[in-house]
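Below is the file input30.cif, which contains mmCIF, C-alpha atoms.
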data_model
#
loop_
_atom_site.label_atom_id
_atom_site.label_comp_id
_atom_site.auth_asym_id
_atom_site.auth_seq_id
_atom_site.Cartn_x
_atom_site.Cartn_y
_atom_site.Cartn_z
CA MET A 226 4.34 13.13 21.99
CA SER A 227 4.61 10.89 18.90
CA ARG A 228 4.53 12.12 15.32
CA ALA A 229 3.51 10.03 12.30
CA ILE A 230 3.93 10.76 8.61
CA VAL A 231 1.24 9.06 6.51
CA THR A 232 1.31 9.07 2.69
CA GLY A 233 -1.81 8.50 0.61
CA ALA A 234 -3.64 9.99 3.58
CA ALA A 235 -6.75 11.17 1.73
CA GLY A 236 -7.58 7.71 0.37
CA ALA A 237 -9.88 5.18 1.94
CA ILE A 238 -7.13 3.23 3.73
CA GLY A 239 -4.93 6.25 4.52
CA SER A 240 -7.73 8.29 6.05
CA SER A 241 -8.76 5.37 8.28
CA ILE A 242 -5.14 5.01 9.43
CA CYS A 243 -4.81 8.74 10.13
CA ARG A 244 -7.99 8.90 12.20
CA GLY A 245 -7.04 5.81 14.18
CA LEU A 246 -3.50 7.00 14.89
CA ALA A 247 -4.83 10.42 15.95
CA SER A 248 -7.18 8.73 18.42
CA ARG A 249 -4.14 6.88 19.79
CA GLY A 250 -2.28 10.10 20.56
CA TYR A 251 -0.21 10.62 17.41
CA ASP A 252 0.19 13.97 15.73
CA ILE A 253 -0.21 13.25 12.01
CA VAL A 254 1.34 14.87 8.97
CA ALA A 255 -1.15 13.71 6.32
CA ILE A 256 0.39 13.62 2.83
CA ASP A 257 -1.55 13.44 -0.43
CA VAL A 258 -2.13 15.26 -3.73
CA ASP A 259 -5.89 15.46 -3.10
CA ASP A 260 -6.53 18.86 -1.50
CA VAL A 261 -10.25 18.27 -1.01
CA GLY A 262 -9.72 14.87 0.58
CA LEU A 263 -7.01 16.24 2.87
CA ALA A 264 -9.23 19.09 4.04
CA ALA A 265 -12.07 16.70 4.82
CA LEU A 266 -9.68 14.43 6.73
CA ALA A 267 -8.20 17.29 8.75
CA ASP A 268 -11.70 18.39 9.79
CA THR A 269 -12.17 15.05 11.58
CA SER A 270 -9.36 15.82 14.03
CA PRO A 271 -8.05 19.36 13.50
CA SER A 272 -5.87 19.31 16.60
CA ARG A 273 -4.07 16.12 15.56
CA ILE A 274 -4.09 15.90 11.74
CA SER A 275 -2.10 18.43 9.70
CA PRO A 276 -2.78 18.16 5.94
CA TYR A 277 0.18 18.62 3.61
CA ARG A 278 -0.22 18.53 -0.14
CA CYS A 279 2.81 16.91 -1.75
CA ASP A 280 3.52 14.98 -4.93
CA LEU A 281 6.10 12.57 -3.61
CA THR A 282 7.36 11.81 -7.12
CA ASP A 283 8.53 15.44 -7.40
CA PRO A 284 12.00 15.77 -5.78
CA ALA A 285 11.53 19.47 -4.97
CA GLU A 286 8.19 18.91 -3.23
CA ARG A 287 9.55 15.87 -1.42
CA ASN A 288 12.57 17.87 -0.18
CA GLU A 289 10.28 20.61 1.11
CA LEU A 290 8.31 18.01 3.05
CA VAL A 291 11.44 16.53 4.58
CA ALA A 292 12.66 20.01 5.58
CA MET A 293 9.31 20.72 7.21
CA VAL A 294 9.33 17.44 9.14
CA GLY A 295 12.87 18.13 10.35
CA ALA A 296 14.04 15.80 13.10
CA ASP A 297 10.57 14.94 14.34
CA CYS A 298 9.25 11.59 13.06
CA ASP A 299 8.55 8.43 15.05
CA LEU A 300 6.38 6.55 12.56
CA LEU A 301 6.40 6.57 8.75
CA VAL A 302 3.41 4.90 7.09
CA HIS A 303 3.51 4.33 3.33
CA VAL A 304 0.02 3.98 1.89
CA ALA A 305 0.05 5.89 -1.41
CA GLY A 306 -0.35 3.69 -4.46
CA VAL A 307 -1.67 3.66 -8.02
CA VAL A 308 -2.38 0.98 -10.61
CA VAL A 309 -2.28 1.13 -14.39
CA THR A 310 -4.62 -1.22 -16.22
CA THR A 311 -3.57 -0.34 -19.76
CA PRO A 312 -2.32 -3.52 -21.49
CA PHE A 313 1.47 -3.59 -21.25
CA GLU A 314 1.96 -3.56 -25.02
CA MET A 315 0.00 -0.28 -25.13
CA VAL A 316 1.22 1.42 -21.96
CA SER A 317 2.92 4.81 -22.24
CA ASP A 318 6.24 5.91 -20.77
CA ALA A 319 4.33 8.35 -18.56
CA GLU A 320 2.11 5.58 -17.16
CA VAL A 321 5.09 3.36 -16.41
CA ASP A 322 6.97 6.22 -14.74
CA ARG A 323 3.96 7.24 -12.65
CA GLU A 324 3.24 3.71 -11.44
CA LEU A 325 6.84 2.95 -10.50
CA GLY A 326 7.31 6.47 -9.16
CA VAL A 327 4.36 6.45 -6.76
CA ASN A 328 4.55 2.82 -5.69
CA LEU A 329 8.31 2.26 -5.45
CA LEU A 330 10.61 5.24 -6.00
CA ALA A 331 8.69 7.72 -3.84
CA PRO A 332 8.65 5.49 -0.73
CA VAL A 333 12.32 4.57 -1.27
CA HIS A 334 13.37 8.23 -1.55
CA LEU A 335 11.18 9.41 1.34
CA THR A 336 12.42 6.60 3.57
CA ARG A 337 16.02 7.40 2.67
CA ALA A 338 15.52 11.10 3.45
CA LEU A 339 13.84 10.42 6.82
CA TYR A 340 16.00 7.47 7.82
CA PRO A 341 18.46 9.44 10.01
CA THR A 342 15.49 10.92 11.88
CA LEU A 343 13.94 7.49 12.32
CA GLN A 344 17.27 6.16 13.59
CA ARG A 345 17.46 8.89 16.22
CA SER A 346 13.89 8.23 17.37
CA ARG A 347 14.29 4.44 17.05
CA GLY A 348 11.22 4.74 14.89
CA HIS A 349 9.05 2.44 12.85
CA ILE A 350 8.29 2.15 9.12
CA VAL A 351 4.98 0.52 8.20
CA ALA A 352 4.06 0.00 4.55
CA ILE A 353 0.93 -1.19 2.82
CA VAL A 354 2.44 -3.35 0.08
CA SER A 355 0.19 -6.06 -1.44
CA ILE A 356 -0.29 -9.76 -1.97
CA GLY A 357 0.58 -8.56 -5.50
CA GLY A 358 4.09 -8.08 -4.15
CA MET A 359 4.40 -11.88 -4.10
CA LEU A 360 2.07 -12.99 -6.91
CA PRO A 361 2.63 -11.55 -10.41
CA LEU A 362 -0.53 -10.12 -11.99
CA GLY A 363 -0.42 -10.51 -15.75
CA GLU A 364 -2.79 -7.58 -16.33
CA SER A 365 -0.68 -5.23 -14.18
CA PRO A 366 3.05 -5.95 -14.70
CA GLY A 367 4.11 -2.46 -13.67
CA TYR A 368 2.16 -2.75 -10.44
CA SER A 369 3.69 -6.17 -9.76
CA ALA A 370 7.18 -4.80 -10.45
CA SER A 371 6.66 -1.89 -8.09
CA LYS A 372 5.22 -4.00 -5.28
CA PHE A 373 7.79 -6.79 -5.62
CA GLY A 374 10.46 -4.08 -5.49
CA LEU A 375 8.96 -2.28 -2.49
CA ARG A 376 8.67 -5.52 -0.54
CA GLY A 377 12.30 -6.38 -1.31
CA PHE A 378 13.46 -2.91 -0.29
CA LEU A 379 11.64 -3.09 3.04
CA LEU A 380 12.82 -6.60 3.82
CA ALA A 381 16.38 -5.42 3.20
CA LEU A 382 15.88 -2.60 5.71
CA ALA A 383 14.32 -5.05 8.16
CA ALA A 384 17.47 -7.18 7.92
CA ARG A 385 19.36 -4.28 9.54
CA SER A 386 16.83 -3.39 12.24
CA ARG A 387 19.02 -4.58 15.11
CA GLU A 388 21.87 -2.47 13.80
CA THR A 389 19.89 0.69 12.97
CA GLY A 390 17.13 0.58 15.58
CA VAL A 391 14.50 1.24 12.90
CA ARG A 392 11.71 -1.34 12.92
CA VAL A 393 10.05 -2.29 9.62
CA SER A 394 6.61 -3.82 9.12
CA ILE A 395 5.00 -4.86 5.84
CA VAL A 396 1.23 -5.32 5.55
CA ASN A 397 0.20 -7.27 2.43
CA PRO A 398 -3.54 -7.06 1.84
CA GLY A 399 -5.31 -8.87 -0.93
CA SER A 400 -7.89 -6.71 -2.70
CA VAL A 401 -9.40 -3.85 -0.69
CA ASP A 402 -12.77 -2.30 -1.51
CA THR A 403 -11.56 1.16 -2.53
CA PRO A 404 -12.02 3.43 -5.55
CA MET A 405 -8.79 1.97 -6.95
CA LEU A 406 -10.26 -1.55 -6.90
CA ARG A 407 -13.42 -0.28 -8.62
CA HIS A 408 -11.24 1.32 -11.26
CA GLU A 409 -9.50 -2.02 -11.79
CA ALA A 410 -12.81 -3.88 -11.92
CA SER A 411 -14.17 -1.56 -14.58
CA SER A 412 -11.06 -1.13 -16.74
CA GLY A 413 -9.36 -4.49 -17.16
CA GLY A 414 -7.61 -5.18 -13.86
CA SER A 415 -6.76 -8.71 -12.81
CA PRO A 416 -9.66 -11.04 -11.91
CA LEU A 417 -7.27 -12.55 -9.35
CA ASN A 418 -8.16 -9.57 -7.14
CA PHE A 419 -11.49 -11.31 -6.58
CA LEU A 420 -10.37 -14.76 -5.48
CA SER A 421 -11.56 -13.80 -2.00
CA THR A 422 -13.94 -11.15 -0.73
CA PRO A 423 -12.34 -7.69 -0.87
CA LEU A 424 -11.30 -6.37 2.52
CA ARG A 425 -12.75 -3.20 4.01
CA PRO A 426 -10.30 -0.29 4.37
CA GLN A 427 -10.86 -0.29 8.13
CA GLN A 428 -9.69 -3.90 8.34
CA VAL A 429 -6.36 -2.90 6.83
CA ALA A 430 -6.11 0.11 9.13
CA ASP A 431 -6.81 -2.08 12.17
CA ARG A 432 -3.98 -4.41 11.14
CA VAL A 433 -1.65 -1.41 10.87
CA PHE A 434 -2.54 -0.37 14.42
CA ARG A 435 -1.79 -3.91 15.57
CA VAL A 436 1.69 -3.96 14.04
CA VAL A 437 2.40 -0.46 15.36
CA GLU A 438 1.68 -1.74 18.86
CA ARG A 439 3.32 -5.17 18.34
CA PRO A 440 5.79 -4.90 15.44
CA ARG A 441 6.33 -7.84 13.13
CA VAL A 442 8.14 -7.89 9.82
CA GLU A 443 5.35 -9.12 7.55
CA THR A 444 1.62 -9.70 7.80
CA ASN A 445 -0.61 -11.06 5.04
CA MET A 446 -4.35 -10.37 4.77
CA PRO A 447 -6.07 -12.72 4.70
CA ARG A 448 -3.45 -15.07 6.08
CA SER A 449 -4.74 -17.94 3.94
CA ASP A 450 -4.07 -15.97 0.75
CA GLY A 451 -0.53 -15.26 1.89
CA TRP A 452 0.23 -18.92 2.53
CA MET A 453 -1.38 -19.97 -0.76
CA VAL A 454 0.66 -17.47 -2.76
CA LYS A 455 3.94 -18.22 -0.98
CA THR A 456 3.45 -21.94 -1.46
CA GLY A 457 2.53 -21.54 -5.12
CA MET A 458 5.53 -19.35 -5.86
CA LEU A 459 7.89 -22.08 -4.66
CA VAL A 460 7.21 -23.56 -8.10
CA PRO A 461 6.56 -20.46 -10.24
CA GLY A 462 6.38 -22.28 -13.58
CA PRO A 463 3.40 -24.53 -12.75
CA THR A 464 1.77 -21.74 -10.74
CA LEU A 465 1.95 -19.26 -13.62
CA GLY A 466 0.55 -21.95 -15.91
CA ALA A 467 -2.42 -22.40 -13.56
CA LEU A 468 -3.20 -18.68 -13.19
CA PRO A 469 -5.52 -18.43 -16.25
CA TRP A 470 -7.62 -21.28 -14.85
CA ILE A 471 -7.67 -19.67 -11.38
CA ALA A 472 -8.61 -16.32 -12.94
CA ARG A 473 -11.62 -17.96 -14.63
CA LEU A 474 -12.80 -19.16 -11.22
CA ALA A 475 -12.37 -15.66 -9.80
CA ARG A 476 -14.23 -13.98 -12.67
CA ARG A 477 -17.60 -14.98 -11.21
CA ASN A 478 -16.77 -12.98 -8.08
CA LEU A 479 -15.59 -10.09 -10.24
CA GLU A 480 -18.92 -10.01 -12.10
CA ARG A 481 -20.82 -10.00 -8.81
CA TYR A 482 -18.66 -7.11 -7.58
CA ARG A 483 -19.28 -5.20 -10.81
CA ALA A 484 -23.03 -5.68 -10.49
CA ARG A 485 -23.05 -4.63 -6.84
CA HIS A 486 -21.27 -1.37 -7.65
CA GLY A 487 -23.04 -0.67 -10.93
CA LEU A 488 -19.88 -1.06 -12.98
CA GLY A 489 -21.48 -2.92 -15.87
CA SER A 490 -20.41 -6.22 -17.35
CA SER A 491 -16.85 -7.13 -18.28
CA VAL A 492 -15.86 -7.65 -21.89
CA ASP A 493 -13.65 -10.69 -22.62
#

I need this file expressed as structure tokens, please.
Amino acid sequence: MSRAIVTGAAGAIGSSICRGLASRGYDIVAIDVDDVGLAALADTSPSRISPYRCDLTDPAERNELVAMVGADCDLLVHVAGVVVTTPFEMVSDAEVDRELGVNLLAPVHLTRALYPTLQRSRGHIVAIVSIGGMLPLGESPGYSASKFGLRGFLLALAARSRETGVRVSIVNPGSVDTPMLRHEASSGGSPLNFLSTPLRPQQVADRVFRVVERPRVETNMPRSDGWMVKTGMLVPGPTLGALPWIARLARRNLERYRARHGLGSSVD
């Protein structure tokens, strides 16, 4: 019997991943800070999904989780993430620490703590990173820093997969239609999120199931966005210079998204 640990499990993407893995025979330890969301998720598959409230930025809570998991983990799925849209010149220490803590430090620490277990099980780490882990977003520098860092960390682990036996897969979605995206759309997030149509959470979950079954190091969603960003970042100077113009093109899509979700009109 296989056991998966899923962080950010109560969110739109995490809950879809948990339900899908449960239907594929995994026993799930579903991690989140949202008690209500965890309870609702567990009700969908009570025999397979075990909710566990944990703030992964708190070392004591994280250590309790690792002790509970013990030596039983075949799949670790990092989904938890936050974004701060406060302009960088106004952002607080607490906001910086929370963003880097949830998006980067928590997955690094949890992976480190569970790595011996994953080595014994010849397990698999799958992480939802972001196209924003390759393309800097001027409105969200802390988010970009955390996602660039997480991608680098995971690629470094992937470089040792033959030695350690632990497979690593990175899934980089563009924007995904979740409450976090709506928060960004209504509070000053990057218009670049709306260059293409936001993905549905289930689309991201389905890609996770695919890489669980057929591991690959990195997958971009949509693939065209991944190639565009990678190509552009070969020449970062000109690309960064073009981003304001590209953002103006994307703003029309942002306004349509705002109208569709009743988020009001943006203020320039």

Can you tell me which residues surround Pro284 (chain A) at a distance of at most 10 Å, considering all atoms listed in the file, apart from same-chain residues fewer than 4 positions away, and format the answer as a VMD selection string?
chain A and resid 280 288 to 290 331 334 to 335

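Among A:Cys298, A:Arg273, A:Ala352, A:Asp283, the residue with the shortest atom-to-atom distance to Thr232 (chain A), counting all atoms listed in the file, is A:Ala352.
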
Expected selection from the PyMOL selection byres ((chain A and resi 368-370) around 12), given as an MDAnalysis selection string
chainID A and resid 306:313 320:330 354:367 371:377 409 414:415

Shell of 12 Å around region 384-393 of chain A, only C-alpha atoms, local chain residues under 5 positions omitted, as a VMD selection string:
chain A and resid 298 to 303 336 339 to 353 376 to 379 433 436 to 444

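Taken over the whole file, the PyMOL selection byres ((chain A and resi 278) around 9) covers exactly Ala255, Ile256, Asp257, Val258, Asp259, Asp260, Leu263, Pro276, Tyr277, Cys279, Asp280 and Glu286 of chain A.
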